[in-house]
file coords_24.cif (mmCIF, C-alpha atoms)
data_run
#
loop_
_atom_site.group_PDB
_atom_site.id
_atom_site.type_symbol
_atom_site.label_atom_id
_atom_site.label_comp_id
_atom_site.auth_asym_id
_atom_site.auth_seq_id
_atom_site.Cartn_x
_atom_site.Cartn_y
_atom_site.Cartn_z
ATOM 1 C CA MET A 18 47.528 -11.012 92.728
ATOM 2 C CA ILE A 19 50.566 -8.810 93.305
ATOM 3 C CA VAL A 20 52.974 -9.043 90.371
ATOM 4 C CA ARG A 21 56.673 -8.721 91.264
ATOM 5 C CA PRO A 22 59.935 -9.302 89.368
ATOM 6 C CA ASP A 23 60.198 -12.840 90.768
ATOM 7 C CA ASN A 24 56.730 -13.896 89.573
ATOM 8 C CA TYR A 25 56.101 -11.674 86.521
ATOM 9 C CA TYR A 26 56.630 -14.539 84.039
ATOM 10 C CA SER A 27 55.039 -17.212 86.237
ATOM 11 C CA PRO A 28 52.098 -19.314 85.054
ATOM 12 C CA GLU A 29 50.014 -17.823 87.889
ATOM 13 C CA ALA A 30 50.660 -14.230 86.769
ATOM 14 C CA ASN A 31 50.024 -15.204 83.153
ATOM 15 C CA GLN A 32 46.719 -16.828 84.133
ATOM 16 C CA HIS A 33 45.647 -13.759 86.103
ATOM 17 C CA TYR A 34 46.837 -11.032 83.700
ATOM 18 C CA PHE A 35 47.078 -10.618 79.950
ATOM 19 C CA SER A 36 50.246 -9.166 78.417
ATOM 20 C CA VAL A 37 51.182 -8.052 74.923
ATOM 21 C CA SER A 38 53.411 -11.138 74.627
ATOM 22 C CA GLN A 39 50.454 -13.327 75.475
ATOM 23 C CA ILE A 40 48.230 -11.577 72.922
ATOM 24 C CA LYS A 41 50.905 -12.099 70.243
ATOM 25 C CA SER A 42 51.284 -15.729 71.310
ATOM 26 C CA PHE A 43 47.528 -16.330 71.007
ATOM 27 C CA ALA A 44 47.637 -14.829 67.498
ATOM 28 C CA GLU A 45 50.473 -17.224 66.529
ATOM 29 C CA CYS A 46 49.178 -20.442 68.080
ATOM 30 C CA PRO A 47 46.247 -20.498 70.514
ATOM 31 C CA ALA A 48 46.782 -24.176 71.410
ATOM 32 C CA ARG A 49 50.426 -23.611 72.382
ATOM 33 C CA THR A 50 49.478 -20.543 74.419
ATOM 34 C CA MET A 51 46.790 -22.460 76.296
ATOM 35 C CA ALA A 52 49.281 -25.282 76.963
ATOM 36 C CA GLU A 53 51.700 -22.689 78.381
ATOM 37 C CA LEU A 54 48.983 -21.259 80.638
ATOM 38 C CA ARG A 55 48.157 -24.748 81.929
ATOM 39 C CA GLY A 56 51.861 -25.443 82.563
ATOM 40 C CA GLU A 57 51.936 -28.227 79.967
ATOM 41 C CA TYR A 58 54.440 -26.515 77.689
ATOM 42 C CA VAL A 59 57.494 -24.373 78.366
ATOM 43 C CA ARG A 60 58.838 -22.293 75.524
ATOM 44 C CA PRO A 61 62.501 -23.046 74.809
ATOM 45 C CA VAL A 62 65.052 -20.354 75.575
ATOM 46 C CA THR A 63 66.456 -19.154 72.267
ATOM 47 C CA SER A 64 69.660 -17.309 71.489
ATOM 48 C CA ALA A 65 67.591 -14.285 70.413
ATOM 49 C CA LEU A 66 65.798 -14.248 73.774
ATOM 50 C CA LEU A 67 69.099 -14.533 75.660
ATOM 51 C CA ILE A 68 70.667 -11.702 73.660
ATOM 52 C CA GLY A 69 67.696 -9.446 74.407
ATOM 53 C CA SER A 70 67.870 -10.383 78.091
ATOM 54 C CA TYR A 71 71.621 -9.716 78.053
ATOM 55 C CA VAL A 72 71.048 -6.170 76.773
ATOM 56 C CA ASP A 73 68.196 -5.629 79.256
ATOM 57 C CA ALA A 74 70.439 -6.832 82.100
ATOM 58 C CA TYR A 75 73.148 -4.378 81.081
ATOM 59 C CA PHE A 76 70.807 -1.382 81.146
ATOM 60 C CA GLU A 77 69.201 -2.398 84.431
ATOM 61 C CA GLY A 78 72.633 -2.860 86.026
ATOM 62 C CA THR A 79 72.417 -6.629 86.568
ATOM 63 C CA LEU A 80 74.688 -7.894 83.781
ATOM 64 C CA ASP A 81 77.259 -9.511 86.102
ATOM 65 C CA ARG A 82 74.521 -11.540 87.799
ATOM 66 C CA PHE A 83 72.996 -12.424 84.412
ATOM 67 C CA LYS A 84 76.367 -13.674 83.161
ATOM 68 C CA SER A 85 76.860 -15.784 86.279
ATOM 69 C CA GLU A 86 73.404 -17.343 85.819
ATOM 70 C CA HIS A 87 73.988 -18.141 82.133
ATOM 71 C CA PRO A 88 77.221 -20.044 81.501
ATOM 72 C CA GLU A 89 75.946 -20.796 77.984
ATOM 73 C CA LEU A 90 76.996 -17.232 77.025
ATOM 74 C CA PHE A 91 80.641 -18.262 77.144
ATOM 75 C CA LYS A 92 83.017 -20.300 75.010
ATOM 76 C CA ARG A 93 85.251 -22.944 76.591
ATOM 77 C CA ASP A 94 88.084 -20.423 76.961
ATOM 78 C CA GLY A 95 85.846 -18.195 79.129
ATOM 79 C CA THR A 96 85.314 -15.448 76.560
ATOM 80 C CA LEU A 97 81.884 -14.395 75.359
ATOM 81 C CA LYS A 98 80.409 -16.128 72.347
ATOM 82 C CA ALA A 99 80.337 -13.956 69.226
ATOM 83 C CA GLU A 100 76.680 -12.911 69.495
ATOM 84 C CA TYR A 101 77.163 -11.583 73.043
ATOM 85 C CA ALA A 102 80.420 -9.829 72.132
ATOM 86 C CA HIS A 103 78.434 -8.207 69.315
ATOM 87 C CA ALA A 104 75.759 -7.202 71.834
ATOM 88 C CA ASP A 105 78.523 -5.535 73.872
ATOM 89 C CA ARG A 106 79.479 -3.494 70.790
ATOM 90 C CA MET A 107 75.834 -2.478 70.303
ATOM 91 C CA ILE A 108 75.604 -1.473 73.967
ATOM 92 C CA ALA A 109 78.736 0.668 73.558
ATOM 93 C CA ARG A 110 77.176 2.289 70.486
ATOM 94 C CA ALA A 111 73.960 2.978 72.406
ATOM 95 C CA GLU A 112 75.917 4.530 75.266
ATOM 96 C CA ALA A 113 77.596 6.901 72.794
ATOM 97 C CA ASP A 114 74.180 8.240 71.743
ATOM 98 C CA LYS A 115 73.223 11.076 74.109
ATOM 99 C CA VAL A 116 69.568 11.125 73.073
ATOM 100 C CA PHE A 117 69.188 7.376 73.560
ATOM 101 C CA MET A 118 70.872 7.495 76.962
ATOM 102 C CA LYS A 119 68.642 10.394 78.031
ATOM 103 C CA HIS A 120 65.618 8.158 77.442
ATOM 104 C CA MET A 121 67.244 5.322 79.393
ATOM 105 C CA GLN A 122 67.601 7.413 82.576
ATOM 106 C CA GLY A 123 64.268 6.299 84.010
ATOM 107 C CA GLU A 124 63.414 3.579 86.503
ATOM 108 C CA LYS A 125 64.331 0.141 85.136
ATOM 109 C CA GLN A 126 62.043 -2.889 84.678
ATOM 110 C CA VAL A 127 58.997 -1.194 86.226
ATOM 111 C CA ILE A 128 55.952 -3.450 86.540
ATOM 112 C CA ARG A 129 52.420 -2.074 86.389
ATOM 113 C CA THR A 130 49.010 -3.719 86.278
ATOM 114 C CA GLY A 131 45.691 -2.313 85.166
ATOM 115 C CA THR A 132 42.749 -2.983 82.918
ATOM 116 C CA ILE A 133 42.108 -2.496 79.213
ATOM 117 C CA ASP A 134 38.446 -2.740 78.240
ATOM 118 C CA GLY A 135 37.786 -4.518 81.526
ATOM 119 C CA PHE A 136 40.528 -7.116 81.082
ATOM 120 C CA PRO A 137 43.441 -7.271 83.560
ATOM 121 C CA PHE A 138 46.834 -6.543 81.967
ATOM 122 C CA LYS A 139 50.426 -6.453 83.171
ATOM 123 C CA ILE A 140 53.395 -4.624 81.688
ATOM 124 C CA LYS A 141 57.101 -4.498 82.396
ATOM 125 C CA MET A 142 58.806 -1.344 81.145
ATOM 126 C CA ASP A 143 62.513 -1.357 80.348
ATOM 127 C CA SER A 144 62.817 2.303 81.354
ATOM 128 C CA TYR A 145 60.054 4.433 82.849
ATOM 129 C CA LYS A 146 60.008 8.146 83.538
ATOM 130 C CA PRO A 147 56.962 9.109 85.623
ATOM 131 C CA GLU A 148 56.628 12.365 83.701
ATOM 132 C CA GLY A 149 55.340 10.328 80.792
ATOM 133 C CA PHE A 150 58.053 8.391 78.982
ATOM 134 C CA ILE A 151 58.385 4.638 78.469
ATOM 135 C CA ALA A 152 61.306 2.992 76.661
ATOM 136 C CA ASP A 153 61.081 -0.582 75.438
ATOM 137 C CA LEU A 154 64.399 -1.936 74.213
ATOM 138 C CA LYS A 155 64.519 -4.046 71.066
ATOM 139 C CA TYR A 156 67.724 -5.733 69.975
ATOM 140 C CA MET A 157 67.227 -6.797 66.360
ATOM 141 C CA ALA A 158 69.335 -8.539 63.764
ATOM 142 C CA SER A 159 67.949 -6.217 61.099
ATOM 143 C CA LEU A 160 65.662 -3.232 60.678
ATOM 144 C CA ARG A 161 64.246 -4.867 57.566
ATOM 145 C CA SER A 162 61.020 -6.821 57.845
ATOM 146 C CA PRO A 163 61.100 -10.494 56.823
ATOM 147 C CA ASN A 164 57.906 -9.633 54.915
ATOM 148 C CA LEU A 165 58.707 -7.102 52.175
ATOM 149 C CA PHE A 166 55.080 -5.926 52.131
ATOM 150 C CA GLN A 167 54.797 -5.180 55.857
ATOM 151 C CA PRO A 168 56.788 -2.679 57.910
ATOM 152 C CA MET A 169 59.110 -4.223 60.507
ATOM 153 C CA ILE A 170 57.308 -2.541 63.409
ATOM 154 C CA SER A 171 53.951 -4.099 62.568
ATOM 155 C CA TYR A 172 55.493 -7.412 61.426
ATOM 156 C CA TRP A 173 56.874 -8.003 64.932
ATOM 157 C CA GLY A 174 53.809 -6.530 66.658
ATOM 158 C CA TYR A 175 55.720 -3.665 68.250
ATOM 159 C CA ASP A 176 52.957 -1.248 67.248
ATOM 160 C CA ILE A 177 50.492 -2.856 69.675
ATOM 161 C CA GLN A 178 52.891 -2.629 72.586
#
call {"tool": "encode", "arguments": {"input": "coords_24.cif", "output": "structure tokens"}}
result
Amino acid sequence: MIVRPDNYYSPEANQHYFSVSQIKSFAECPARTMAELRGEYVRPVTSALLIGSYVDAYFEGTLDRFKSEHPELFKRDGTLKAEYAHADRMIARAEADKVFMKHMQGEKQVIRTGTIDGFPFKIKMDSYKPEGFIADLKYMASLRSPNLFQPMISYWGYDIQ
């Protein structure tokens, strides 16, 4: 199977390839993950997911299209809801950071497939520099872990990505 932007999140691609999101999902609830793979369950779109996608769309240069496809980002008066206006402020802060922006100069949303221990995997990189750099954006409400005894990076499973 050839994985492309239009089918990356499809049930067919998820049945053919593992991903880190799928591994995390199996760890949380194997039954729900199997129901997703069979097409019996669709995960609801959350505000957190939309905010992350909003930031991704900005850095890949598709924010205008993303906004047009998601009217739920806006209040009745046509202005952005508070969480997306806040995301705009975080984007502006990121753009002011020269080191951060240097790492974001790679190819955007690059898809690769391969095998890990004989199992087929797929990845989608937020920013990829062929000379050996991958950036994976994370937009978080806090750098603190909800579990005081576990670092935030391992709590959210970012260390296995």
call {"tool": "resolve_selection", "arguments": {"input": "coords_24.cif", "expression": "the PyMOL selection byres ((chain A and resi 22-33) around 9)", "output": "PyMOL selection string"}}
result
chain A and resi 18-21+34-36+39+53-56+126-128+137-141
call {"tool": "atom_distance", "arguments": {"input": "coords_24.cif", "atom1": "atom CA of A:Pro168", "atom2": "atom CA of A:Leu154"}}
result
18.0 Å
call {"tool": "closest_residue", "arguments": {"input": "coords_24.cif", "among": "A:Asn164, A:Met169, A:Ile133, A:Glu124", "to": "A:Gly149", "atoms": "only C-alpha atoms"}}
result
A:Glu124
call {"tool": "resolve_selection", "arguments": {"input": "coords_24.cif", "expression": "the PyMOL selection byres ((chain A and resi 119) around 12)", "output": "ChimeraX atom specification"}}
result
/A:111-118,120-123,144-146,150-152
call {"tool": "closest_residue", "arguments": {"input": "coords_24.cif", "among": "A:Gly135, A:Thr50, A:Tyr58, A:Ala65", "to": "A:Glu100", "atoms": "all atoms listed in the file"}}
result
A:Ala65
call {"tool": "resolve_selection", "arguments": {"input": "coords_24.cif", "expression": "the PyMOL selection byres ((chain A and resi 156-161) around 10)", "output": "ChimeraX atom specification"}}
result
/A:65-66,68-73,104,107-108,154-155,162-165,167-170,172
call {"tool": "atom_distance", "arguments": {"input": "coords_24.cif", "atom1": "atom CA of A:Leu80", "atom2": "atom CA of A:Ser38"}}
result
23.4 Å
call {"tool": "atom_distance", "arguments": {"input": "coords_24.cif", "atom1": "atom CA of A:Ser64", "atom2": "atom CA of A:Thr96"}}
result
16.6 Å
call {"tool": "residues_around", "arguments": {"input": "coords_24.cif", "residues": "A:Ile177", "least_positions_apart": "6", "cutoff": "10 Å", "atoms": "all atoms listed in the file", "output": "VMD selection string"}}
result
chain A and resid 37 40 to 41 170 to 171
call {"tool": "write_last_selection", "arguments": {"input": "coords_24.cif", "atoms": "C-alpha atoms", "output": "PDB file, in the coordinates of the input"}}
result
ATOM      1  CA  VAL A  37      51.182  -8.052  74.923  1.00  0.00           C
ATOM      2  CA  ILE A  40      48.230 -11.577  72.922  1.00  0.00           C
ATOM      3  CA  LYS A  41      50.905 -12.099  70.243  1.00  0.00           C
ATOM      4  CA  ILE A 170      57.308  -2.541  63.409  1.00  0.00           C
ATOM      5  CA  SER A 171      53.951  -4.099  62.568  1.00  0.00           C
TER       6      SER A 171
END
call {"tool": "closest_residue", "arguments": {"input": "coords_24.cif", "among": "A:Leu67, A:Met142, A:Gly78, A:Trp173", "to": "A:Lys98", "atoms": "only C-alpha atoms"}}
result
A:Leu67
call {"tool": "axis_aligned_box", "arguments": {"input": "coords_24.cif", "around": "stretch 79-90 of chain A", "padding_each_side": "8 Å", "output": "lines of an AutoDock Vina configuration file"}}
result
center_x = 74.8
center_y = -13.7
center_z = 82.4
size_x = 20.8
size_y = 30.2
size_z = 26.8
call {"tool": "build_atoms", "arguments": {"input": "coords_24.cif", "residues": "stretch 66-101 of chain A", "atoms": "N, CA and C atoms", "output": "mmCIF file, in the frame of the given file"}}
result
data_model
loop_
_atom_site.group_PDB
_atom_site.id
_atom_site.type_symbol
_atom_site.label_atom_id
_atom_site.label_comp_id
_atom_site.auth_asym_id
_atom_site.auth_seq_id
_atom_site.Cartn_x
_atom_site.Cartn_y
_atom_site.Cartn_z
ATOM 1 N N LEU A 66 66.338 -14.635 72.473
ATOM 2 C CA LEU A 66 65.798 -14.248 73.774
ATOM 3 C C LEU A 66 66.929 -13.940 74.752
ATOM 4 N N LEU A 67 67.958 -14.765 74.761
ATOM 5 C CA LEU A 67 69.099 -14.533 75.660
ATOM 6 C C LEU A 67 69.834 -13.242 75.329
ATOM 7 N N ILE A 68 69.989 -12.942 74.041
ATOM 8 C CA ILE A 68 70.667 -11.702 73.660
ATOM 9 C C ILE A 68 69.853 -10.498 74.136
ATOM 10 N N GLY A 69 68.549 -10.534 73.923
ATOM 11 C CA GLY A 69 67.696 -9.446 74.407
ATOM 12 C C GLY A 69 67.767 -9.300 75.916
ATOM 13 N N SER A 70 67.766 -10.414 76.628
ATOM 14 C CA SER A 70 67.870 -10.383 78.091
ATOM 15 C C SER A 70 69.233 -9.871 78.537
ATOM 16 N N TYR A 71 70.262 -10.192 77.779
ATOM 17 C CA TYR A 71 71.621 -9.716 78.053
ATOM 18 C C TYR A 71 71.658 -8.187 77.992
ATOM 19 N N VAL A 72 71.080 -7.635 76.930
ATOM 20 C CA VAL A 72 71.048 -6.170 76.773
ATOM 21 C C VAL A 72 70.192 -5.543 77.871
ATOM 22 N N ASP A 73 69.038 -6.126 78.157
ATOM 23 C CA ASP A 73 68.196 -5.629 79.256
ATOM 24 C C ASP A 73 68.967 -5.628 80.569
ATOM 25 N N ALA A 74 69.678 -6.723 80.847
ATOM 26 C CA ALA A 74 70.439 -6.832 82.100
ATOM 27 C C ALA A 74 71.506 -5.750 82.185
ATOM 28 N N TYR A 75 72.147 -5.447 81.071
ATOM 29 C CA TYR A 75 73.148 -4.378 81.081
ATOM 30 C C TYR A 75 72.513 -3.059 81.514
ATOM 31 N N PHE A 76 71.411 -2.690 80.868
ATOM 32 C CA PHE A 76 70.807 -1.382 81.146
ATOM 33 C C PHE A 76 70.125 -1.312 82.504
ATOM 34 N N GLU A 77 69.769 -2.451 83.087
ATOM 35 C CA GLU A 77 69.201 -2.398 84.431
ATOM 36 C C GLU A 77 70.272 -2.564 85.505
ATOM 37 N N GLY A 78 71.525 -2.776 85.076
ATOM 38 C CA GLY A 78 72.633 -2.860 86.026
ATOM 39 C C GLY A 78 72.826 -4.233 86.647
ATOM 40 N N THR A 79 72.317 -5.277 86.006
ATOM 41 C CA THR A 79 72.417 -6.629 86.568
ATOM 42 C C THR A 79 73.177 -7.586 85.645
ATOM 43 N N LEU A 80 74.020 -7.051 84.768
ATOM 44 C CA LEU A 80 74.688 -7.894 83.781
ATOM 45 C C LEU A 80 75.618 -8.921 84.429
ATOM 46 N N ASP A 81 76.363 -8.543 85.459
ATOM 47 C CA ASP A 81 77.259 -9.511 86.102
ATOM 48 C C ASP A 81 76.484 -10.712 86.650
ATOM 49 N N ARG A 82 75.351 -10.450 87.283
ATOM 50 C CA ARG A 82 74.521 -11.540 87.799
ATOM 51 C C ARG A 82 73.975 -12.385 86.648
ATOM 52 N N PHE A 83 73.523 -11.716 85.568
ATOM 53 C CA PHE A 83 72.996 -12.424 84.412
ATOM 54 C C PHE A 83 74.056 -13.352 83.823
ATOM 55 N N LYS A 84 75.277 -12.848 83.700
ATOM 56 C CA LYS A 84 76.367 -13.674 83.161
ATOM 57 C C LYS A 84 76.634 -14.882 84.059
ATOM 58 N N SER A 85 76.591 -14.663 85.368
ATOM 59 C CA SER A 85 76.860 -15.784 86.279
ATOM 60 C C SER A 85 75.751 -16.833 86.236
ATOM 61 N N GLU A 86 74.538 -16.421 85.896
ATOM 62 C CA GLU A 86 73.404 -17.343 85.819
ATOM 63 C C GLU A 86 73.289 -18.037 84.465
ATOM 64 N N HIS A 87 74.091 -17.596 83.490
ATOM 65 C CA HIS A 87 73.988 -18.141 82.133
ATOM 66 C C HIS A 87 75.357 -18.502 81.570
ATOM 67 N N PRO A 88 75.913 -19.629 82.008
ATOM 68 C CA PRO A 88 77.221 -20.044 81.501
ATOM 69 C C PRO A 88 77.220 -20.332 80.000
ATOM 70 N N GLU A 89 76.031 -20.525 79.415
ATOM 71 C CA GLU A 89 75.946 -20.796 77.984
ATOM 72 C C GLU A 89 76.336 -19.585 77.124
ATOM 73 N N LEU A 90 76.554 -18.428 77.757
ATOM 74 C CA LEU A 90 76.996 -17.232 77.025
ATOM 75 C C LEU A 90 78.471 -17.309 76.643
ATOM 76 N N PHE A 91 79.187 -18.242 77.260
ATOM 77 C CA PHE A 91 80.641 -18.262 77.144
ATOM 78 C C PHE A 91 81.166 -19.457 76.362
ATOM 79 N N LYS A 92 82.299 -19.225 75.682
ATOM 80 C CA LYS A 92 83.017 -20.300 75.010
ATOM 81 C C LYS A 92 83.841 -21.050 76.056
ATOM 82 N N ARG A 93 84.442 -22.136 75.663
ATOM 83 C CA ARG A 93 85.251 -22.944 76.591
ATOM 84 C C ARG A 93 86.403 -22.160 77.208
ATOM 85 N N ASP A 94 86.947 -21.200 76.443
ATOM 86 C CA ASP A 94 88.084 -20.423 76.961
ATOM 87 C C ASP A 94 87.658 -19.296 77.910
ATOM 88 N N GLY A 95 86.338 -19.185 78.178
ATOM 89 C CA GLY A 95 85.846 -18.195 79.129
ATOM 90 C C GLY A 95 85.470 -16.864 78.506
ATOM 91 N N THR A 96 85.701 -16.693 77.220
ATOM 92 C CA THR A 96 85.314 -15.448 76.560
ATOM 93 C C THR A 96 83.873 -15.562 76.068
ATOM 94 N N LEU A 97 83.263 -14.408 75.836
ATOM 95 C CA LEU A 97 81.884 -14.395 75.359
ATOM 96 C C LEU A 97 81.774 -14.970 73.958
ATOM 97 N N LYS A 98 80.699 -15.680 73.702
ATOM 98 C CA LYS A 98 80.409 -16.128 72.347
ATOM 99 C C LYS A 98 80.189 -14.894 71.470
ATOM 100 N N ALA A 99 80.347 -15.075 70.176
ATOM 101 C CA ALA A 99 80.337 -13.956 69.226
ATOM 102 C C ALA A 99 79.083 -13.086 69.327
ATOM 103 N N GLU A 100 77.909 -13.704 69.473
ATOM 104 C CA GLU A 100 76.680 -12.911 69.495
ATOM 105 C C GLU A 100 76.592 -12.003 70.724
ATOM 106 N N TYR A 101 77.194 -12.418 71.836
ATOM 107 C CA TYR A 101 77.163 -11.583 73.043
ATOM 108 C C TYR A 101 78.260 -10.524 72.996
#
